[in-house]
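protein17.json follows (JSON, C-alpha atoms and all ligand atoms):
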[["chain", "number", "residue", "atom", "x", "y", "z"],
["A", 21, "MET", "CA", -21.41, -7.68, -14.47],
["A", 22, "ALA", "CA", -21.15, -4.22, -16.00],
["A", 23, "LEU", "CA", -24.90, -3.70, -15.54],
["A", 24, "VAL", "CA", -24.75, -4.73, -11.88],
["A", 25, "LYS", "CA", -21.83, -2.41, -11.31],
["A", 26, "SER", "CA", -23.65, 0.42, -13.01],
["A", 27, "ILE", "CA", -26.72, -0.11, -10.84],
["A", 28, "LEU", "CA", -24.63, -0.17, -7.70],
["A", 29, "ARG", "CA", -22.90, 3.01, -8.63],
["A", 30, "THR", "CA", -26.21, 4.62, -9.52],
["A", 31, "ASN", "CA", -27.68, 3.65, -6.16],
["A", 32, "LYS", "CA", -24.64, 4.99, -4.36],
["A", 33, "ALA", "CA", -24.76, 8.24, -6.27],
["A", 34, "ALA", "CA", -28.45, 8.67, -5.47],
["A", 35, "ARG", "CA", -27.85, 8.12, -1.77],
["A", 36, "ALA", "CA", -24.90, 10.49, -1.80],
["A", 37, "LEU", "CA", -27.05, 13.19, -3.38],
["A", 38, "ALA", "CA", -29.75, 12.60, -0.77],
["A", 39, "PHE", "CA", -27.22, 13.06, 2.00],
["A", 40, "LEU", "CA", -25.91, 16.22, 0.42],
["A", 41, "ALA", "CA", -29.44, 17.57, 0.22],
["A", 42, "ALA", "CA", -29.92, 16.78, 3.90],
["A", 43, "GLY", "CA", -26.76, 18.64, 4.77],
["A", 44, "ALA", "CA", -25.23, 15.46, 6.06],
["A", 45, "LEU", "CA", -21.87, 15.79, 4.33],
["A", 46, "ALA", "CA", -20.36, 17.99, 6.95],
["A", 47, "VAL", "CA", -16.80, 16.82, 6.83],
["A", 48, "GLY", "CA", -13.96, 18.47, 4.90],
["A", 49, "CYS", "CA", -11.33, 17.06, 2.60],
["A", 50, "SER", "CA", -8.04, 15.74, 3.88],
["A", 51, "ASP", "CA", -5.32, 18.25, 4.53],
["A", 52, "ASP", "CA", -2.77, 15.96, 2.97],
["A", 53, "ASP", "CA", 0.51, 17.58, 2.09],
["A", 54, "ASP", "CA", 2.12, 14.78, 0.20],
["A", 55, "GLY", "CA", 2.73, 16.44, -3.13],
["A", 56, "GLY", "CA", 0.23, 14.53, -5.16],
["A", 57, "ARG", "CA", 0.92, 10.82, -4.93],
["A", 58, "ARG", "CA", -2.65, 9.93, -4.12],
["A", 59, "ASN", "CA", -4.75, 7.84, -6.36],
["A", 60, "ASP", "CA", -8.49, 7.93, -6.61],
["A", 61, "ALA", "CA", -9.19, 5.81, -3.53],
["A", 62, "GLY", "CA", -6.84, 7.95, -1.48],
["A", 63, "GLN", "CA", -8.79, 11.01, -2.50],
["A", 64, "SER", "CA", -12.02, 9.64, -1.16],
["A", 65, "MET", "CA", -13.81, 11.92, 1.23],
["A", 66, "ALA", "CA", -15.19, 9.35, 3.60],
["A", 67, "GLY", "CA", -18.68, 10.40, 4.33],
["A", 68, "THR", "CA", -21.23, 10.16, 7.05],
["A", 69, "ASP", "CA", -23.42, 7.53, 8.51],
["A", 70, "ALA", "CA", -27.06, 8.37, 8.58],
["A", 71, "GLY", "CA", -28.17, 5.11, 10.11],
["A", 72, "THR", "CA", -28.89, 3.35, 6.84],
["A", 73, "PRO", "CA", -27.79, -0.24, 6.21],
["A", 74, "ASP", "CA", -25.28, 0.54, 3.49],
["A", 75, "ALA", "CA", -22.53, -1.89, 4.43],
["A", 76, "ASN", "CA", -23.68, -4.73, 2.20],
["A", 77, "ILE", "CA", -24.07, -2.58, -0.85],
["A", 78, "GLN", "CA", -20.74, -0.91, -0.28],
["A", 79, "ASP", "CA", -18.97, -4.20, 0.18],
["A", 80, "ALA", "CA", -20.51, -5.49, -3.03],
["A", 81, "ALA", "CA", -19.27, -2.44, -4.89],
["A", 82, "ILE", "CA", -15.77, -2.90, -3.51],
["A", 83, "GLY", "CA", -15.78, -6.55, -4.46],
["A", 84, "LEU", "CA", -16.57, -5.82, -8.08],
["A", 85, "ASP", "CA", -13.56, -3.70, -8.84],
["A", 86, "GLY", "CA", -11.28, -4.37, -5.90],
["A", 87, "ARG", "CA", -11.52, -0.96, -4.28],
["A", 88, "ALA", "CA", -13.97, 1.54, -2.97],
["A", 89, "ASP", "CA", -15.45, 4.07, -5.31],
["A", 90, "ALA", "CA", -13.74, 7.41, -5.23],
["A", 91, "THR", "CA", -16.38, 9.80, -3.99],
["A", 92, "ALA", "CA", -19.14, 9.98, -1.46],
["A", 93, "ASP", "CA", -18.68, 6.50, -0.02],
["A", 94, "ILE", "CA", -20.91, 5.90, 2.93],
["A", 95, "ALA", "CA", -19.13, 4.81, 6.08],
["A", 96, "PRO", "CA", -20.52, 1.39, 7.00],
["A", 97, "GLN", "CA", -19.90, 1.63, 10.71],
["A", 98, "SER", "CA", -20.94, 4.28, 13.14],
["A", 99, "ASP", "CA", -22.35, 4.13, 16.60],
["A", 100, "ALA", "CA", -25.36, 6.33, 16.11],
["A", 101, "PRO", "CA", -27.15, 8.19, 13.36],
["A", 102, "GLY", "CA", -25.49, 11.48, 12.70],
["A", 103, "ASP", "CA", -21.99, 10.46, 13.80],
["A", 104, "VAL", "CA", -19.37, 11.97, 11.55],
["A", 105, "LEU", "CA", -16.18, 9.98, 11.05],
["A", 106, "PRO", "CA", -13.06, 11.83, 9.89],
["A", 107, "PRO", "CA", -12.22, 11.79, 6.19],
["A", 108, "THR", "CA", -9.14, 10.18, 4.73],
["A", 109, "MET", "CA", -6.17, 11.41, 6.74],
["A", 110, "THR", "CA", -2.44, 10.99, 6.29],
["A", 111, "VAL", "CA", -1.11, 9.52, 9.54],
["A", 112, "PHE", "CA", 2.46, 8.84, 8.40],
["A", 113, "THR", "CA", 4.59, 9.92, 5.49],
["A", 114, "ALA", "CA", 8.33, 9.57, 4.94],
["A", 115, "SER", "CA", 10.38, 10.24, 1.82],
["A", 116, "LEU", "CA", 13.22, 8.28, 3.46],
["A", 117, "ASP", "CA", 15.76, 10.79, 2.19],
["A", 118, "GLU", "CA", 17.04, 12.08, 5.53],
["A", 119, "ALA", "CA", 17.09, 10.75, 9.07],
["A", 120, "LEU", "CA", 14.76, 7.89, 9.80],
["A", 121, "PRO", "CA", 11.56, 8.97, 11.55],
["A", 122, "PRO", "CA", 11.22, 7.75, 15.15],
["A", 123, "GLU", "CA", 8.27, 5.51, 14.24],
["A", 124, "VAL", "CA", 10.60, 3.25, 12.24],
["A", 125, "ALA", "CA", 12.60, 0.43, 13.81],
["A", 126, "PRO", "CA", 14.78, -0.46, 10.82],
["A", 127, "GLY", "CA", 16.60, -3.61, 11.89],
["A", 128, "ASP", "CA", 19.49, -3.84, 9.45],
["A", 129, "CYS", "CA", 17.83, -1.58, 6.85],
["A", 130, "VAL", "CA", 19.93, 1.47, 6.01],
["A", 131, "LEU", "CA", 19.16, 4.68, 4.14],
["A", 132, "THR", "CA", 21.11, 4.10, 0.93],
["A", 133, "PRO", "CA", 21.56, 6.04, -2.35],
["A", 134, "SER", "CA", 19.05, 4.53, -4.72],
["A", 135, "GLN", "CA", 21.42, 4.40, -7.73],
["A", 136, "GLY", "CA", 19.50, 3.63, -10.93],
["A", 137, "TYR", "CA", 16.20, 3.54, -9.09],
["A", 138, "ALA", "CA", 16.37, 7.35, -8.74],
["A", 139, "THR", "CA", 14.90, 7.72, -12.24],
["A", 140, "VAL", "CA", 12.09, 5.20, -11.67],
["A", 141, "GLY", "CA", 8.56, 5.93, -10.49],
["A", 142, "PRO", "CA", 5.53, 8.07, -11.20],
["A", 143, "GLU", "CA", 6.15, 11.77, -11.76],
["A", 144, "GLY", "CA", 6.52, 13.44, -8.38],
["A", 145, "ASP", "CA", 6.89, 10.07, -6.66],
["A", 146, "LYS", "CA", 10.16, 8.62, -7.89],
["A", 147, "PHE", "CA", 12.65, 6.63, -5.84],
["A", 148, "GLY", "CA", 15.59, 8.40, -4.30],
["A", 149, "PRO", "CA", 17.86, 10.19, -3.69],
["A", 150, "THR", "CA", 17.98, 7.54, -0.95],
["A", 151, "PHE", "CA", 15.73, 4.66, 0.05],
["A", 152, "LEU", "CA", 15.61, 2.21, 2.93],
["A", 153, "ARG", "CA", 17.55, -0.86, 1.77],
["A", 154, "CYS", "CA", 17.45, -4.14, 3.69],
["A", 155, "SER", "CA", 18.86, -7.62, 3.62],
["A", 156, "THR", "CA", 16.63, -10.56, 2.82],
["A", 157, "SER", "CA", 16.79, -11.70, 6.42],
["A", 158, "ASN", "CA", 15.50, -8.45, 7.87],
["A", 159, "THR", "CA", 12.25, -7.01, 9.16],
["A", 160, "PHE", "CA", 11.60, -3.35, 9.71],
["A", 161, "THR", "CA", 8.71, -2.14, 11.80],
["A", 162, "LEU", "CA", 6.61, 1.01, 11.64],
["A", 163, "THR", "CA", 4.70, 1.72, 14.84],
["A", 164, "LEU", "CA", 1.89, 4.28, 14.68],
["A", 165, "THR", "CA", 0.06, 5.58, 17.73],
["A", 166, "GLY", "CA", -2.71, 8.06, 18.37],
["A", 167, "LEU", "CA", -4.52, 7.28, 15.14],
["A", 168, "PRO", "CA", -7.78, 9.14, 14.52],
["A", 169, "PRO", "CA", -11.06, 7.21, 14.49],
["A", 170, "HIS", "CA", -11.12, 5.10, 11.34],
["A", 171, "THR", "CA", -12.31, 1.82, 9.91],
["A", 172, "SER", "CA", -9.80, 1.35, 7.09],
["A", 173, "MET", "CA", -6.16, 1.93, 6.24],
["A", 174, "ASN", "CA", -4.16, 2.42, 3.03],
["A", 175, "ILE", "CA", -0.43, 1.73, 2.76],
["A", 176, "GLU", "CA", 1.48, 3.32, -0.11],
["A", 177, "PHE", "CA", 5.14, 2.78, -0.97],
["A", 178, "LEU", "CA", 7.58, 2.02, -3.74],
["A", 179, "PHE", "CA", 9.18, -1.43, -3.53],
["A", 180, "ALA", "CA", 12.59, -2.22, -4.99],
["A", 181, "ALA", "CA", 13.33, -5.90, -5.69],
["A", 182, "ILE", "CA", 17.11, -5.70, -5.99],
["A", 183, "ASP", "CA", 19.47, -8.20, -7.63],
["A", 184, "SER", "CA", 19.11, -11.99, -7.64],
["A", 185, "LEU", "CA", 15.88, -12.61, -5.73],
["A", 186, "ASP", "CA", 14.90, -16.15, -6.63],
["A", 187, "GLY", "CA", 11.12, -16.46, -6.23],
["A", 188, "THR", "CA", 9.45, -19.66, -5.07],
["A", 189, "GLY", "CA", 11.32, -22.93, -4.68],
["A", 190, "ALA", "CA", 14.37, -24.53, -3.09],
["A", 191, "PHE", "CA", 17.42, -22.55, -1.93],
["A", 192, "PRO", "CA", 18.42, -19.99, -3.07],
["A", 193, "ALA", "CA", 14.71, -19.54, -3.82],
["A", 194, "GLY", "CA", 12.05, -18.91, -1.21],
["A", 195, "ASP", "CA", 12.24, -15.10, -1.28],
["A", 196, "PHE", "CA", 8.86, -13.84, -0.08],
["A", 197, "PHE", "CA", 8.12, -10.19, 0.62],
["A", 198, "GLY", "CA", 5.59, -9.91, 3.42],
["A", 199, "VAL", "CA", 3.66, -7.02, 4.95],
["A", 200, "TYR", "CA", 1.76, -7.42, 8.19],
["A", 201, "VAL", "CA", -0.56, -5.08, 10.09],
["A", 202, "ASP", "CA", -0.86, -5.98, 13.76],
["A", 203, "ASN", "CA", 0.59, -9.38, 12.86],
["A", 204, "VAL", "CA", -2.12, -10.06, 10.28],
["A", 205, "VAL", "CA", -0.74, -10.71, 6.84],
["A", 206, "VAL", "CA", -1.73, -8.12, 4.27],
["A", 207, "PHE", "CA", 0.61, -9.23, 1.50],
["A", 208, "LYS", "CA", 2.96, -12.15, 0.96],
["A", 209, "GLU", "CA", 4.33, -12.96, -2.50],
["A", 210, "SER", "CA", 7.59, -14.24, -3.90],
["A", 211, "PHE", "CA", 9.77, -12.10, -6.17],
["A", 212, "ALA", "CA", 12.22, -13.36, -8.77],
["A", 213, "ASN", "CA", 14.84, -11.49, -10.78],
["A", 214, "ALA", "CA", 17.71, -13.94, -11.20],
["A", 215, "VAL", "CA", 16.44, -16.16, -14.01],
["A", 216, "ALA", "CA", 13.44, -15.66, -16.28],
["A", 217, "THR", "CA", 12.17, -19.17, -15.61],
["A", 218, "GLN", "CA", 11.98, -18.74, -11.84],
["A", 219, "ILE", "CA", 8.52, -18.58, -10.30],
["A", 220, "GLN", "CA", 7.45, -15.17, -9.07],
["A", 221, "THR", "CA", 4.08, -15.51, -7.41],
["A", 222, "TYR", "CA", 3.48, -11.78, -7.52],
["A", 223, "ASN", "CA", 1.46, -10.83, -10.58],
["A", 224, "PRO", "CA", 1.20, -7.06, -10.28],
["A", 225, "PRO", "CA", -2.12, -5.40, -11.08],
["A", 226, "VAL", "CA", -2.14, -2.83, -13.85],
["A", 227, "GLY", "CA", -0.10, 0.22, -12.94],
["A", 228, "VAL", "CA", 1.98, -1.43, -10.20],
["A", 229, "GLU", "CA", 5.02, -2.65, -12.16],
["A", 230, "LEU", "CA", 7.53, 0.13, -12.80],
["A", 231, "ALA", "CA", 10.47, -1.97, -14.04],
["A", 232, "ARG", "CA", 11.16, -5.71, -14.41],
["A", 233, "ARG", "CA", 14.53, -7.41, -14.71],
["A", 234, "VAL", "CA", 16.52, -4.39, -15.83],
["A", 235, "ASP", "CA", 19.76, -3.00, -14.40],
["A", 236, "LEU", "CA", 19.06, -0.37, -11.76],
["A", 237, "GLY", "CA", 22.30, -0.66, -9.78],
["A", 238, "PHE", "CA", 23.89, -2.54, -6.88],
["A", 239, "SER", "CA", 25.25, -5.92, -8.05],
["A", 240, "GLY", "CA", 25.55, -6.61, -11.75],
["A", 241, "PRO", "CA", 24.93, -5.31, -14.30],
["A", 242, "GLY", "CA", 23.32, -8.26, -16.00],
["A", 243, "GLY", "CA", 23.67, -11.89, -15.12],
["A", 244, "PHE", "CA", 21.55, -12.87, -12.15],
["A", 245, "TYR", "CA", 21.59, -9.31, -10.85],
["A", 246, "THR", "CA", 18.90, -7.43, -12.71],
["A", 247, "ASP", "CA", 16.38, -5.44, -10.71],
["A", 248, "SER", "CA", 12.66, -4.70, -10.55],
["A", 249, "ALA", "CA", 10.45, -1.96, -9.12],
["A", 250, "TYR", "CA", 6.81, -1.73, -8.10],
["A", 251, "ASN", "CA", 4.40, 1.00, -6.99],
["A", 252, "MET", "CA", 2.63, -0.94, -4.27],
["A", 253, "GLY", "CA", 0.22, 1.84, -3.33],
["A", 254, "VAL", "CA", -1.72, 1.06, -6.50],
["A", 255, "ASP", "CA", -2.26, -2.58, -5.57],
["A", 256, "PRO", "CA", -5.72, -3.12, -4.03],
["A", 257, "ALA", "CA", -4.05, -5.42, -1.48],
["A", 258, "PHE", "CA", -2.82, -2.29, 0.28],
["A", 259, "ARG", "CA", -6.03, -0.30, 0.04],
["A", 260, "ASP", "CA", -9.06, -0.20, 2.32],
["A", 261, "ILE", "CA", -7.52, -2.64, 4.78],
["A", 262, "PRO", "CA", -10.02, -3.10, 7.62],
["A", 263, "HIS", "CA", -8.48, -1.52, 10.72],
["A", 264, "THR", "CA", -9.94, 0.35, 13.67],
["A", 265, "GLY", "CA", -7.35, 0.53, 16.48],
["A", 266, "ALA", "CA", -5.71, 3.70, 17.75],
["A", 267, "THR", "CA", -2.35, 2.02, 17.23],
["A", 268, "ALA", "CA", -0.98, 0.03, 14.32],
["A", 269, "VAL", "CA", 2.21, -1.98, 13.98],
["A", 270, "LEU", "CA", 3.25, -2.49, 10.37],
["A", 271, "LYS", "CA", 5.98, -5.03, 9.60],
["A", 272, "PHE", "CA", 7.80, -5.26, 6.28],
["A", 273, "THR", "CA", 10.00, -8.31, 5.77],
["A", 274, "LEU", "CA", 11.67, -10.56, 3.25],
["A", 275, "GLU", "CA", 11.24, -14.09, 4.49],
["A", 276, "GLY", "CA", 11.46, -17.69, 3.39],
["A", 277, "GLY", "CA", 14.14, -20.28, 2.88],
["A", 278, "GLY", "CA", 16.12, -18.37, 0.26],
["A", 279, "ILE", "CA", 17.91, -15.81, 2.39],
["A", 280, "GLN", "CA", 21.25, -14.74, 0.92],
["A", 281, "SER", "CA", 23.80, -11.99, 1.49],
["A", 282, "LEU", "CA", 23.19, -8.30, 0.82],
["A", 283, "ASP", "CA", 25.44, -8.26, -2.24],
["A", 284, "ASP", "CA", 23.52, -11.17, -3.77],
["A", 285, "GLU", "CA", 19.97, -9.93, -3.25],
["A", 286, "SER", "CA", 18.22, -7.22, -1.27],
["A", 287, "TRP", "CA", 15.11, -5.06, -1.19],
["A", 288, "ALA", "CA", 14.19, -1.49, -0.43],
["A", 289, "ILE", "CA", 11.23, 0.73, 0.28],
["A", 290, "ASP", "CA", 10.73, 4.39, -0.49],
["A", 291, "ASN", "CA", 8.08, 7.08, -0.16],
["A", 292, "LEU", "CA", 6.15, 5.30, 2.56],
["A", 293, "ARG", "CA", 2.77, 6.75, 3.41],
["A", 294, "VAL", "CA", -0.11, 5.50, 5.55],
["A", 295, "THR", "CA", -3.60, 6.96, 5.45],
["A", 296, "THR", "CA", -6.68, 6.12, 7.43],
["A", 297, "GLY", "CA", -10.25, 6.36, 6.20],
["A", 298, "ASN", "CA", -13.66, 4.81, 6.46],
["A", 299, "THR", "CA", -14.01, 2.55, 3.43],
["A", 300, "PRO", "CA", -13.05, -0.95, 4.68],
["A", 301, "ARG", "CA", -13.25, -3.65, 2.08],
["A", 302, "ALA", "CA", -15.00, -6.92, 2.78],
["A", 303, "ARG", "CA", -12.86, -9.20, 4.89],
["B", 1, "CA", "CA", 21.31, -4.98, -9.94],
["B", 2, "CA", "CA", 19.86, -14.81, -5.00],
["B", 3, "CA", "CA", 17.44, -15.98, -2.57]]
Would you write out, as structure tokens, the structure that this file holds?
Amino acid sequence: MALVKSILRTNKAARALAFLAAGALAVGCSDDDDGGRRNDAGQSMAGTDAGTPDANIQDAAIGLDGRADATADIAPQSDAPGDVLPPTMTVFTASLDEALPPEVAPGDCVLTPSQGYATVGPEGDKFGPTFLRCSTSNTFTLTLTGLPPHTSMNIEFLFAAIDSLDGTGAFPAGDFFGVYVDNVVVFKESFANAVATQIQTYNPPVGVELARRVDLGFSGPGGFYTDSAYNMGVDPAFRDIPHTGATAVLKFTLEGGGIQSLDDESWAIDNLRVTTGNTPRAR
């Protein structure tokens, strides 16, 4: 597998150099102003299409490591040779520390002091001072319009699993966090904090889990009411999502048969950012 991956990367690098020599890489880097919470995929400068059948090779490369390579990826879709698609662009960003942006329909979610979560997160991308906290029966919606031409989308955010979420099973379990783009599911996994033996279907990839079953505020401390935190922008599930429309409706919800009251269990999102690019993964 390592040899195959190496060959693919070598082929990609050779093509990228050829394009550079031909002067094809005419696009600039993103003008992101997010203060540095991008990872390597987010830094990709989506390239050009020179009419070569690169889609299969690119998809194979994505499939091997779960994400697109960081530099000089070749856009797999373009109408004609020489078309230049925009690079990775930030189309929405919200620290969720002040008034809610107009693109957000929060339902019962409320900007709330993040308590112990304020110390949690990557440097420069921690929770707080406030985050958008919701009941387990609620959906909030982010509606984006006027998106630039693109073929892929990344969604980055911090996720707080607060208090006695109960994972998979019979009531009070059945606490599934779901994310949908244009009503297509992108992510749906159960989360469990209350008891160590409960089933949490979510098995976070390396770098995603920030805290697990520790006291970060709200109900508790201790007992069923420990808390967890995740950096979802690192999960490949939220990267290189195939998307092309000029509008996008993102829904974030906690759903399932285990809905309980806000003081028993809740969830929150912070530092929400959406970027578009041209590195769609294989469907
Ligand atoms: Ca708690
Ligand atoms: Ca509960
Ligand atoms: Ca529950």
Query raised in the report: Closest to Leu116 (chain A) among A:Gly136, A:Pro149, A:Gly189, A:Gly227, using only C-alpha atoms?
Result: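 Looking only at the distances to Leu116 (chain A), the closest residue turns out to be A:Pro149.
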Query raised in the report: What residues have any atom no more than 6 Å from ligand CA 3 (chain B) when counting all atoms listed in the file, and can you list them as a list in words?
Result: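 So, counting all atoms listed in the file, the residues near ligand CA 3 (chain B) are Leu185, Asp186, Pro192, Ala193, Asp195, Gly278, Ile279 and Gln280 of chain A.
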Go through chain A residue by residue and, counting all atoms listed in the file, keep those with an atom at most 12 Å from ligand CA 2 (chain B); for each kept residue give the shortest atom pair and its distance in Å to one decimal, ordered by chain and increasing number, as CSV.
residue,atom,partner,partner_atom,distance
A:Ser155,CA,B:CA2,CA,11.3
A:Thr156,CA,B:CA2,CA,9.5
A:Ala181,CA,B:CA2,CA,11.1
A:Ile182,CA,B:CA2,CA,9.6
A:Asp183,CA,B:CA2,CA,7.1
A:Ser184,CA,B:CA2,CA,3.9
A:Leu185,CA,B:CA2,CA,4.6
A:Asp186,CA,B:CA2,CA,5.4
A:Gly187,CA,B:CA2,CA,9.0
A:Thr188,CA,B:CA2,CA,11.5
A:Gly189,CA,B:CA2,CA,11.8
A:Ala190,CA,B:CA2,CA,11.3
A:Phe191,CA,B:CA2,CA,8.7
A:Pro192,CA,B:CA2,CA,5.7
A:Ala193,CA,B:CA2,CA,7.1
A:Gly194,CA,B:CA2,CA,9.6
A:Asp195,CA,B:CA2,CA,8.5
A:Phe211,CA,B:CA2,CA,10.5
A:Ala212,CA,B:CA2,CA,8.6
A:Asn213,CA,B:CA2,CA,8.3
A:Ala214,CA,B:CA2,CA,6.6
A:Val215,CA,B:CA2,CA,9.7
A:Gln218,CA,B:CA2,CA,11.2
A:Ser239,CA,B:CA2,CA,10.8
A:Gly243,CA,B:CA2,CA,11.2
A:Phe244,CA,B:CA2,CA,7.6
A:Tyr245,CA,B:CA2,CA,8.2
A:Thr246,CA,B:CA2,CA,10.7
A:Asp247,CA,B:CA2,CA,11.5
A:Gly277,CA,B:CA2,CA,11.2
A:Gly278,CA,B:CA2,CA,7.4
A:Ile279,CA,B:CA2,CA,7.7
A:Gln280,CA,B:CA2,CA,6.1
A:Ser281,CA,B:CA2,CA,8.1
A:Leu282,CA,B:CA2,CA,9.3
A:Asp283,CA,B:CA2,CA,9.0
A:Asp284,CA,B:CA2,CA,5.3
A:Glu285,CA,B:CA2,CA,5.2
A:Ser286,CA,B:CA2,CA,8.6
A:Trp287,CA,B:CA2,CA,11.5
Query raised in the report: Pick the closest to ligand CA 1 (chain B) from A:Gly265, A:Gly253, A:Gly237, A:Pro169: which is it, counting all atoms listed in the file?
Result: A:Gly237
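Across the model, the gap from CA of Val124 (chain A) to CA of Val204 (chain A) is 18.5 Å.
Here CA of Phe272 (chain A) and CA of Asp255 (chain A) stand 15.8 Å from one another.
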Query raised in the report: Quick one: of A:Asp117, A:Glu176, A:Asp145, A:Asp128, who's nearest to Arg259 (chain A), counting all atoms listed in the file?
Result: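 Ranking A:Asp117, A:Glu176, A:Asp145, A:Asp128 by distance to Arg259 (chain A), first place goes to A:Glu176.
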Query raised in the report: What would the list of residues within 9 Å of (8.2, -2.6, -11.8) (file frame) look like as a VMD selection string, if only C-alpha atoms are what count?
Result: chain A and resid 140 to 141 179 to 181 224 227 to 233 247 to 251
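For the choices A:Ala268, A:Val234, A:Ala288, A:Val294, the atom-to-atom distance to ligand CA 1 (chain B) is smallest for A:Val234 when using only C-alpha atoms and all ligand atoms.
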Query raised in the report: Mind pulling up the distance from CA of Phe160 (chain A) to CA of Ala266 (chain A)?
Result: 20.3 Å
Query raised in the report: Nearest to Gly144 (chain A) among A:Pro225, A:Ser115, A:Val205, A:Pro122, with distances taken over all atoms listed in the file: which residue is it?
Result: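 Of A:Pro225, A:Ser115, A:Val205, A:Pro122, the one nearest Gly144 (chain A) is A:Ser115, counting all atoms listed in the file.
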Requested in this report: Find, counting all atoms listed in the file, the residue in A:Tyr137, A:Leu105, A:Leu236, A:Leu131 that gets nearest to ligand CA 1 (chain B).
Outcome: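 Between A:Tyr137, A:Leu105, A:Leu236, A:Leu131, the residue approaching ligand CA 1 (chain B) most closely is A:Leu236.
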**Report entry** Contact residues around region 170-173 of chain A with all atoms listed in the file at 6 Å, ignoring same-chain residues under 2 positions, as number ranges by chain
**Finding:** A: 260-264, 295-300
Once 3 Å is added on each side, what are the centre and the three edge lengths, in Å to one decimal, of the axis-aligned box enclosing the listed atoms of region 144-160 of chain A? Present them as JSON.
{"center_x": 12.7, "center_y": 0.9, "center_z": 0.7, "size_x": 18.3, "size_y": 31.1, "size_z": 24.1}
**Report entry** Spatial neighbours of Val206 (chain A), max dist 10 Å, all atoms listed in the file, sep filter under 5 positions, as a list in words
**Finding:** Gly198, Val199, Tyr200, Val201, Ala257, Phe258, Arg259, Ile261, Leu270 and Lys271 of chain A
Mind completing region 110-126 of chain A with N, CA and C atoms? Output as a tab-separated table (two decimals), in the frame of the given file, please?
chain	number	residue	atom	x	y	z
A	110	THR	N	-3.80	11.51	6.30
A	110	THR	CA	-2.44	10.99	6.29
A	110	THR	C	-1.94	10.91	7.72
A	111	VAL	N	-1.58	9.70	8.16
A	111	VAL	CA	-1.11	9.52	9.54
A	111	VAL	C	0.38	9.26	9.60
A	112	PHE	N	1.00	8.99	8.45
A	112	PHE	CA	2.46	8.84	8.40
A	112	PHE	C	2.92	9.04	6.97
A	113	THR	N	3.98	9.79	6.81
A	113	THR	CA	4.59	9.92	5.49
A	113	THR	C	6.09	10.13	5.66
A	114	ALA	N	6.87	9.46	4.84
A	114	ALA	CA	8.33	9.57	4.94
A	114	ALA	C	8.92	9.38	3.55
A	115	SER	N	9.69	10.35	3.11
A	115	SER	CA	10.38	10.24	1.82
A	115	SER	C	11.63	9.38	1.95
A	116	LEU	N	12.04	9.12	3.18
A	116	LEU	CA	13.22	8.28	3.46
A	116	LEU	C	14.47	8.81	2.76
A	117	ASP	N	14.60	10.13	2.77
A	117	ASP	CA	15.76	10.79	2.19
A	117	ASP	C	16.66	11.42	3.24
A	118	GLU	N	16.22	11.48	4.47
A	118	GLU	CA	17.04	12.08	5.53
A	118	GLU	C	17.06	11.12	6.71
A	119	ALA	N	17.06	11.64	7.91
A	119	ALA	CA	17.09	10.75	9.07
A	119	ALA	C	15.81	9.93	9.13
A	120	LEU	N	15.93	8.73	9.66
A	120	LEU	CA	14.76	7.89	9.80
A	120	LEU	C	13.80	8.49	10.83
A	121	PRO	N	12.52	8.48	10.55
A	121	PRO	CA	11.56	8.97	11.55
A	121	PRO	C	11.52	8.04	12.76
A	122	PRO	N	11.17	8.57	13.92
A	122	PRO	CA	11.22	7.75	15.15
A	122	PRO	C	10.24	6.58	15.14
A	123	GLU	N	9.24	6.63	14.29
A	123	GLU	CA	8.27	5.51	14.24
A	123	GLU	C	8.84	4.26	13.61
A	124	VAL	N	10.01	4.37	12.97
A	124	VAL	CA	10.60	3.25	12.24
A	124	VAL	C	11.67	2.57	13.07
A	125	ALA	N	11.53	1.26	13.25
A	125	ALA	CA	12.60	0.43	13.81
A	125	ALA	C	13.18	-0.36	12.63
A	126	PRO	N	14.36	0.02	12.13
A	126	PRO	CA	14.78	-0.46	10.82
A	126	PRO	C	15.43	-1.84	10.81
